[in-house]
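Notes for the one structure printed next.
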Amino acid sequence: MDYMAPRWLPGGNLQTIWPALYARRFDGPAPVYRRERWTAPDGDFVDVDFVDAPASASKAPLLVLFHGLEGSSRSHYAEAFADFAASRGMAFAVPHFRGCSGEMNLAPRAYHSGDFEEIGWILARMRERHAQRGGGPVLAAGVSLGGNALMRWACEAGDTAAGVVSAVASVCAPLDLAAGGDAIGRGFNRLVYTRMFLATMKPKALAKLAQFPGLFDRDRLLAARDLYAFDDVFTAPLHGFRDADDYWARGSAKPHLNRIRVPALVVNARNDPFIPASSLPRPGEVGAHVTLWQPAHGGHVGFPMGLPPGHVRGMPERVGSWLQVHGGALADGPSAQPAGE
């Protein structure tokens, strides 16, 4: 696999921001999702958006995509993956992390980067339902936060993962949460990206406090100016961690990548403004089942291609094709070869 950014979009920030706002995500109409609401083991709900495989696709694979921080099935990368799946005759699903589907969840918890138990429950149910309907292999990809959580699950699942999924992939995941958290809390990142995330995360947290008075310190939350402070007062204590440092240490997938026992692709652009290249896993730090792809360019979940305004279909095509090949999931549809420029 190779990737070269277009000359008209230089640098990691432009390669992050422009694709999310302006690049083409699909050919033809936008994906039309069918939503299901699942009841979680704790009585809360999880909303899952599906695009079903064509009725003529025998033993069609299912591609499950876990979105990033404050993402959804309408994120640019999700719609691009949906377009890819449709072009290959695959079924497609985007499970929404709690609170990200447009409606506040019910329990005194939200979601986090190391949420491997939630990932495991969702994937097991996906596998069971897909098999009951005569479907083929289940493939899973995760973007940013969702990528770390997916890899964290694969690490924990070990040999049992193969009974659930045939292959997994992470895209621009902060596999070292402390390094990513430090990077997004400084300079331009703090002014732009941190503000963007906190602009939706703080109101959701305050709504959660209204649901459960006394759940956390309101004044500390309002004073939070970076993700570390937010995680310290909200994310960590609500999900069983001592503090932000404990959460970032225990939630990171990087120290455990040698425990993965299914084909796994780990994609990180080396100019990702959120994730320092020095923190990325090296070949000697992962197991034999893990393939690292670390192109020089791409930004954070950008990987734009083509002439202005560009498109973002190249990354899903490369990642999805890798999953098809290594997961033994070549479905009805066009050849599973990565698309060119």
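Residue numbering restarts at 1 for every chain of the structure tokens, chains are lettered A, B, ... in their displayed order, and ligands are numbered from 1 as they appear.
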- Residue contacts of Leu175 (chain A) (8 Å, only C-alpha atoms) excluding same-chain residues fewer than 5 positions away, as a PyMOL selection string: chain A and resi 148+252-254+280
- Task: From region 20-250 of chain A, collect each residue whose DSSP state is strand (DSSP E) and return the set as a PyMOL selection string.
- Result: chain A and resi 34-39+45-51+62-66+91-95+138-143+167-171
Long-range neighbours of region 110-120 of chain A as an mmCIF file with N, CA and C atoms, in the first residue's frame, 6 Å cut-off, only C-alpha atoms, 3 positions minimum in chain:
data_model
loop_
_atom_site.group_PDB
_atom_site.id
_atom_site.type_symbol
_atom_site.label_atom_id
_atom_site.label_comp_id
_atom_site.auth_asym_id
_atom_site.auth_seq_id
_atom_site.Cartn_x
_atom_site.Cartn_y
_atom_site.Cartn_z
ATOM 1 N N ARG A 98 -22.069 5.415 23.238
ATOM 2 C CA ARG A 98 -23.189 5.973 23.993
ATOM 3 C C ARG A 98 -23.137 7.506 24.019
ATOM 4 N N LEU A 123 -19.491 -6.636 19.033
ATOM 5 C CA LEU A 123 -19.004 -7.530 17.980
ATOM 6 C C LEU A 123 -19.582 -8.938 18.114
ATOM 7 N N LEU A 145 -10.347 7.224 18.239
ATOM 8 C CA LEU A 145 -10.706 6.599 19.517
ATOM 9 C C LEU A 145 -11.255 5.191 19.312
ATOM 10 N N ALA A 149 -9.889 1.549 20.863
ATOM 11 C CA ALA A 149 -10.775 0.658 21.607
ATOM 12 C C ALA A 149 -10.878 -0.708 20.941
ATOM 13 N N ARG A 152 -7.669 -2.515 21.521
ATOM 14 C CA ARG A 152 -7.625 -2.907 22.931
ATOM 15 C C ARG A 152 -8.448 -4.172 23.144
ATOM 16 N N TRP A 153 -9.594 -4.268 22.452
ATOM 17 C CA TRP A 153 -10.401 -5.486 22.532
ATOM 18 C C TRP A 153 -9.652 -6.668 21.934
ATOM 19 N N GLY A 251 -5.902 2.388 29.259
ATOM 20 C CA GLY A 251 -6.707 2.366 28.053
ATOM 21 C C GLY A 251 -5.917 2.246 26.772
#
- Item | Which residue of A:Cys155, A:Leu265, A:Ala86, A:Ala40 approaches Ala53 (chain A) most closely, using only C-alpha atoms |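 Smallest distance to Ala53 (chain A) is found for A:Ala86.
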- Message: From the options A:Thr200, A:Ala264, A:Trp38, A:Leu139, which residue's atoms come nearest to Val290 (chain A), counting only C-alpha atoms?
- Response: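 Selected residue with least distance to Val290 (chain A): A:Ala264.
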- Message: Rounded to one decimal, what separation in Å do you get between CA of Val143 (chain A) and CA of Ala78 (chain A)?
- Response: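 Between these atoms lies a distance of 8.9 Å.
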- Query: Can you tell me, as a list in words, what residues are no more than 12 Å from Arg7 (chain A) when counting only C-alpha atoms, ignoring any on the same chain fewer than 6 positions away?
  - Reply: Leu14, Gln15, His297, Gly298, Pro304, Met305, Gly306, Leu307, Pro308 and Gly310 of chain A
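For the set A:Val168, A:Gly181, A:Leu323, A:Lys59, the residue with the smallest atom-to-atom gap to Gln132 (chain A) is A:Lys59, counting only C-alpha atoms.
Between Ser72 (chain A) and the candidates A:Met90, A:Val48, A:Ala140, A:Met196, the tightest atom-to-atom separation, counting only C-alpha atoms, involves A:Val48.
Among the candidates A:Ala199, A:Val312, A:Val319, A:Leu177, the one nearest to Ala224 (chain A) when counting only C-alpha atoms is A:Ala199.
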- Please indicate the distance in Å from CA of Ser279 (chain A) to CA of Val325 (chain A), rounded to one decimal place. 28.4 Å
